[in-house]
$ cat target.cif   # mmCIF, C-alpha atoms
data_structure
#
loop_
_atom_site.group_PDB
_atom_site.id
_atom_site.type_symbol
_atom_site.label_atom_id
_atom_site.label_comp_id
_atom_site.auth_asym_id
_atom_site.auth_seq_id
_atom_site.Cartn_x
_atom_site.Cartn_y
_atom_site.Cartn_z
ATOM 1 C CA MET A 949 51.267 79.183 30.900
ATOM 2 C CA SER A 950 49.942 82.696 31.475
ATOM 3 C CA THR A 951 46.256 83.573 31.503
ATOM 4 C CA GLU A 952 46.643 85.369 28.167
ATOM 5 C CA GLU A 953 48.287 82.278 26.620
ATOM 6 C CA ASN A 954 45.501 80.051 27.949
ATOM 7 C CA VAL A 955 42.818 82.367 26.569
ATOM 8 C CA LYS A 956 44.532 82.452 23.179
ATOM 9 C CA LEU A 957 44.817 78.639 23.146
ATOM 10 C CA VAL A 958 41.133 78.180 23.963
ATOM 11 C CA LYS A 959 40.085 80.732 21.326
ATOM 12 C CA ASN A 960 42.255 79.011 18.709
ATOM 13 C CA PHE A 961 40.865 75.623 19.734
ATOM 14 C CA PHE A 962 37.248 76.731 19.317
ATOM 15 C CA ALA A 963 38.083 78.502 16.049
ATOM 16 C CA ALA A 964 39.551 75.244 14.734
ATOM 17 C CA MET A 965 36.449 73.366 15.904
ATOM 18 C CA GLY A 966 34.169 75.912 14.273
ATOM 19 C CA SER A 967 35.986 75.695 10.970
ATOM 20 C CA SER A 968 36.032 71.867 11.104
ATOM 21 C CA ASN A 969 39.805 71.923 10.744
ATOM 22 C CA ALA A 970 40.841 68.691 12.468
ATOM 23 C CA ARG A 971 44.535 69.143 11.670
ATOM 24 C CA ASP A 972 44.705 72.536 13.426
ATOM 25 C CA LEU A 973 42.638 71.188 16.310
ATOM 26 C CA LEU A 974 44.954 68.206 16.820
ATOM 27 C CA ALA A 975 47.979 70.499 16.663
ATOM 28 C CA LEU A 976 46.559 72.438 19.632
ATOM 29 C CA ALA A 977 45.793 69.303 21.685
ATOM 30 C CA ALA A 978 48.387 67.459 23.744
ATOM 31 C CA GLU A 979 49.377 63.995 22.481
ATOM 32 C CA ASP A 980 47.963 62.463 25.676
ATOM 33 C CA ILE A 981 44.658 64.391 25.594
ATOM 34 C CA GLU A 982 41.747 62.864 27.470
ATOM 35 C CA TRP A 983 38.483 64.213 26.104
ATOM 36 C CA ILE A 984 35.444 63.222 28.164
ATOM 37 C CA ILE A 985 31.993 63.643 26.658
ATOM 38 C CA PRO A 986 29.335 62.819 29.250
ATOM 39 C CA GLY A 987 26.105 61.037 28.456
ATOM 40 C CA GLU A 988 24.586 57.674 27.716
ATOM 41 C CA GLY A 989 23.103 56.473 24.462
ATOM 42 C CA TRP A 990 24.687 59.332 22.564
ATOM 43 C CA PRO A 991 27.084 58.496 19.701
ATOM 44 C CA LEU A 992 29.893 60.757 20.976
ATOM 45 C CA ALA A 993 29.646 59.933 24.692
ATOM 46 C CA GLY A 994 32.654 58.385 26.355
ATOM 47 C CA THR A 995 36.296 58.983 27.135
ATOM 48 C CA HIS A 996 38.535 59.577 24.121
ATOM 49 C CA ARG A 997 42.303 59.379 24.666
ATOM 50 C CA GLY A 998 45.075 60.590 22.388
ATOM 51 C CA HIS A 999 45.079 62.164 18.948
ATOM 52 C CA ALA A 1000 43.779 59.053 17.165
ATOM 53 C CA GLU A 1001 40.665 58.805 19.338
ATOM 54 C CA LEU A 1002 40.107 62.565 19.236
ATOM 55 C CA ALA A 1003 40.325 62.502 15.436
ATOM 56 C CA ALA A 1004 37.878 59.585 15.352
ATOM 57 C CA VAL A 1005 35.312 61.315 17.560
ATOM 58 C CA LEU A 1006 35.617 64.534 15.541
ATOM 59 C CA LYS A 1007 35.021 62.577 12.337
ATOM 60 C CA LYS A 1008 32.058 60.806 13.910
ATOM 61 C CA ALA A 1009 30.651 64.149 15.104
ATOM 62 C CA SER A 1010 30.884 65.651 11.629
ATOM 63 C CA GLU A 1011 29.117 62.634 10.103
ATOM 64 C CA GLU A 1012 26.455 61.817 12.690
ATOM 65 C CA VAL A 1013 25.626 64.910 14.715
ATOM 66 C CA GLU A 1014 23.747 67.825 13.238
ATOM 67 C CA THR A 1015 24.774 71.103 14.765
ATOM 68 C CA GLN A 1016 23.087 74.441 14.413
ATOM 69 C CA TYR A 1017 24.190 77.673 15.927
ATOM 70 C CA PRO A 1018 21.664 80.453 16.427
ATOM 71 C CA LYS A 1019 22.419 83.834 15.008
ATOM 72 C CA PRO A 1020 23.899 85.936 17.803
ATOM 73 C CA PRO A 1021 21.732 88.829 18.954
ATOM 74 C CA ARG A 1022 22.600 92.311 17.802
ATOM 75 C CA ILE A 1023 23.883 94.385 20.654
ATOM 76 C CA ARG A 1024 22.705 97.928 20.182
ATOM 77 C CA GLY A 1025 25.396 100.498 20.476
ATOM 78 C CA ALA A 1026 28.227 97.986 20.678
ATOM 79 C CA GLY A 1027 31.482 99.779 20.177
ATOM 80 C CA ARG A 1028 30.002 103.224 20.689
ATOM 81 C CA PRO A 1029 31.416 104.859 23.811
ATOM 82 C CA GLY A 1030 28.846 106.109 26.255
ATOM 83 C CA TYR A 1031 25.921 104.472 24.458
ATOM 84 C CA GLY A 1032 23.264 103.414 26.892
ATOM 85 C CA ARG A 1033 24.760 105.401 29.757
ATOM 86 C CA ARG A 1034 22.170 107.281 31.686
ATOM 87 C CA ARG A 1035 22.870 110.871 32.542
ATOM 88 C CA ARG A 1036 21.981 112.076 35.970
ATOM 89 C CA TYR A 1037 20.146 115.321 36.167
ATOM 90 C CA GLY A 1038 22.617 118.119 35.759
ATOM 91 C CA GLU A 1039 25.522 115.887 34.719
ATOM 92 C CA ASN A 1040 27.866 117.468 32.220
ATOM 93 C CA GLN A 1041 25.989 120.745 32.359
ATOM 94 C CA SER A 1042 27.680 123.958 33.290
ATOM 95 C CA HIS A 1043 26.269 125.882 36.219
ATOM 96 C CA GLU A 1044 26.962 129.560 35.832
#
$ encode --input "target.cif" --output "structure tokens"
Amino acid sequence: MSTEENVKLVKNFFAAMGSSNARDLLALAAEDIEWIIPGEGWPLAGTHRGHAELAAVLKKASEEVETQYPKPPRIRGAGRPGYGRRRRYGENQSHE
């Protein structure tokens, strides 16, 4: 698999997780997936193998774990070429 294909797969995987679409998520995971969630005393911790166990842990996560995502910060000037670039003295000035 190329780097671009891997990046696309990971983006699609996280998009499916974010939209709580278990069917799309399972379609992206290999049948013999081994999903390891580290920790002790946490409801999702453990090793989850195969689609059935992955589906079960996703269901458990949606029922038992509260998730909150902070609002991403606004990046000033994003998408505006040259924004935030410092000009050196005399740069882009004609010297006649």
$ residues_near_point --input "target.cif" --point "(33.4, 56.4, 14.8)" --cutoff "12 Å" --atoms "all atoms listed in the file" --output "ChimeraX atom specification"
/A:991-994,996,1000-1013
$ resolve_selection --input "target.cif" --expression "the PyMOL selection byres ((chain A and resi 970-987) around 6)" --output "JSON, numbers by chain"
{"A": [961, 964, 968, 969, 988, 993, 994, 995, 996, 997, 998, 999]}
$ atom_distance --input "target.cif" --atom1 "CA of Met949 (chain A)" --atom2 "CA of Ala963 (chain A)"
19.9 Å
$ decode --input "target.cif" --residues "region 976-1012 of chain A" --atoms "N, CA and C atoms" --output "CSV table (one decimal), in the first residue's frame"
chain,number,residue,atom,x,y,z
A,976,LEU,N,-13.6,-0.9,6.9
A,976,LEU,CA,-12.2,-0.5,6.7
A,976,LEU,C,-11.2,-1.3,7.5
A,977,ALA,N,-11.7,-2.1,8.4
A,977,ALA,CA,-10.9,-2.9,9.3
A,977,ALA,C,-10.7,-4.3,8.7
A,978,ALA,N,-9.5,-4.9,8.8
A,978,ALA,CA,-9.3,-6.3,8.4
A,978,ALA,C,-10.1,-7.2,9.3
A,979,GLU,N,-10.5,-8.3,8.7
A,979,GLU,CA,-11.3,-9.4,9.5
A,979,GLU,C,-10.6,-9.8,10.7
A,980,ASP,N,-9.2,-9.9,10.6
A,980,ASP,CA,-8.5,-10.4,11.8
A,980,ASP,C,-7.8,-9.2,12.6
A,981,ILE,N,-8.5,-8.1,12.6
A,981,ILE,CA,-8.0,-6.9,13.4
A,981,ILE,C,-7.7,-7.3,14.8
A,982,GLU,N,-6.7,-6.7,15.4
A,982,GLU,CA,-6.4,-6.8,16.8
A,982,GLU,C,-6.3,-5.4,17.3
A,983,TRP,N,-7.3,-5.0,18.0
A,983,TRP,CA,-7.3,-3.6,18.6
A,983,TRP,C,-7.0,-3.6,20.0
A,984,ILE,N,-5.9,-3.0,20.4
A,984,ILE,CA,-5.4,-3.0,21.8
A,984,ILE,C,-5.6,-1.6,22.4
A,985,ILE,N,-6.4,-1.6,23.5
A,985,ILE,CA,-6.6,-0.4,24.2
A,985,ILE,C,-6.0,-0.6,25.6
A,986,PRO,N,-4.9,0.2,25.8
A,986,PRO,CA,-4.2,0.0,27.1
A,986,PRO,C,-5.0,0.6,28.3
A,987,GLY,N,-4.6,0.1,29.4
A,987,GLY,CA,-5.2,0.6,30.7
A,987,GLY,C,-5.7,-0.5,31.6
A,988,GLU,N,-6.0,-0.1,32.8
A,988,GLU,CA,-6.6,-1.1,33.8
A,988,GLU,C,-7.7,-0.4,34.4
A,989,GLY,N,-8.8,-1.1,34.7
A,989,GLY,CA,-9.9,-0.5,35.4
A,989,GLY,C,-10.7,0.4,34.5
A,990,TRP,N,-10.5,0.3,33.2
A,990,TRP,CA,-11.3,1.2,32.3
A,990,TRP,C,-12.1,0.3,31.4
A,991,PRO,N,-13.4,0.6,31.2
A,991,PRO,CA,-14.3,-0.3,30.5
A,991,PRO,C,-13.9,-0.8,29.1
A,992,LEU,N,-13.1,0.0,28.4
A,992,LEU,CA,-12.7,-0.4,27.1
A,992,LEU,C,-11.3,-1.0,27.0
A,993,ALA,N,-10.6,-1.1,28.1
A,993,ALA,CA,-9.3,-1.6,28.1
A,993,ALA,C,-9.3,-3.1,27.7
A,994,GLY,N,-8.2,-3.5,27.0
A,994,GLY,CA,-8.1,-4.9,26.7
A,994,GLY,C,-7.7,-5.1,25.2
A,995,THR,N,-7.6,-6.3,24.8
A,995,THR,CA,-7.3,-6.7,23.4
A,995,THR,C,-8.6,-7.2,22.8
A,996,HIS,N,-9.0,-6.6,21.7
A,996,HIS,CA,-10.2,-6.9,21.0
A,996,HIS,C,-9.9,-7.4,19.6
A,997,ARG,N,-10.3,-8.7,19.3
A,997,ARG,CA,-9.9,-9.4,18.1
A,997,ARG,C,-11.1,-9.6,17.2
A,998,GLY,N,-10.9,-9.3,15.9
A,998,GLY,CA,-12.0,-9.6,14.9
A,998,GLY,C,-13.1,-8.5,14.9
A,999,HIS,N,-13.9,-8.6,13.9
A,999,HIS,CA,-15.0,-7.6,13.7
A,999,HIS,C,-16.0,-7.7,14.8
A,1000,ALA,N,-16.3,-8.9,15.3
A,1000,ALA,CA,-17.3,-9.0,16.4
A,1000,ALA,C,-16.9,-8.3,17.6
A,1001,GLU,N,-15.6,-8.5,18.0
A,1001,GLU,CA,-15.1,-7.8,19.3
A,1001,GLU,C,-15.0,-6.3,19.0
A,1002,LEU,N,-14.5,-5.9,17.8
A,1002,LEU,CA,-14.4,-4.5,17.6
A,1002,LEU,C,-15.8,-3.9,17.6
A,1003,ALA,N,-16.8,-4.5,17.0
A,1003,ALA,CA,-18.2,-4.0,17.1
A,1003,ALA,C,-18.7,-3.9,18.5
A,1004,ALA,N,-18.3,-4.9,19.3
A,1004,ALA,CA,-18.8,-4.8,20.7
A,1004,ALA,C,-18.1,-3.7,21.5
A,1005,VAL,N,-16.8,-3.5,21.3
A,1005,VAL,CA,-16.1,-2.4,22.0
A,1005,VAL,C,-16.6,-1.0,21.5
A,1006,LEU,N,-16.9,-0.9,20.3
A,1006,LEU,CA,-17.5,0.3,19.8
A,1006,LEU,C,-18.8,0.6,20.4
A,1007,LYS,N,-19.7,-0.4,20.5
A,1007,LYS,CA,-21.0,-0.2,21.1
A,1007,LYS,C,-20.8,0.2,22.5
A,1008,LYS,N,-19.9,-0.5,23.2
A,1008,LYS,CA,-19.7,-0.2,24.6
A,1008,LYS,C,-19.2,1.2,24.8
A,1009,ALA,N,-18.3,1.6,23.9
A,1009,ALA,CA,-17.8,3.0,24.0
A,1009,ALA,C,-18.9,4.0,23.8
A,1010,SER,N,-19.8,3.8,22.9
A,1010,SER,CA,-20.9,4.7,22.6
A,1010,SER,C,-21.9,4.8,23.8
A,1011,GLU,N,-22.0,3.7,24.5
A,1011,GLU,CA,-22.9,3.6,25.7
A,1011,GLU,C,-22.3,4.1,27.0
A,1012,GLU,N,-21.0,3.8,27.2
A,1012,GLU,CA,-20.5,4.0,28.5
A,1012,GLU,C,-19.5,5.2,28.6
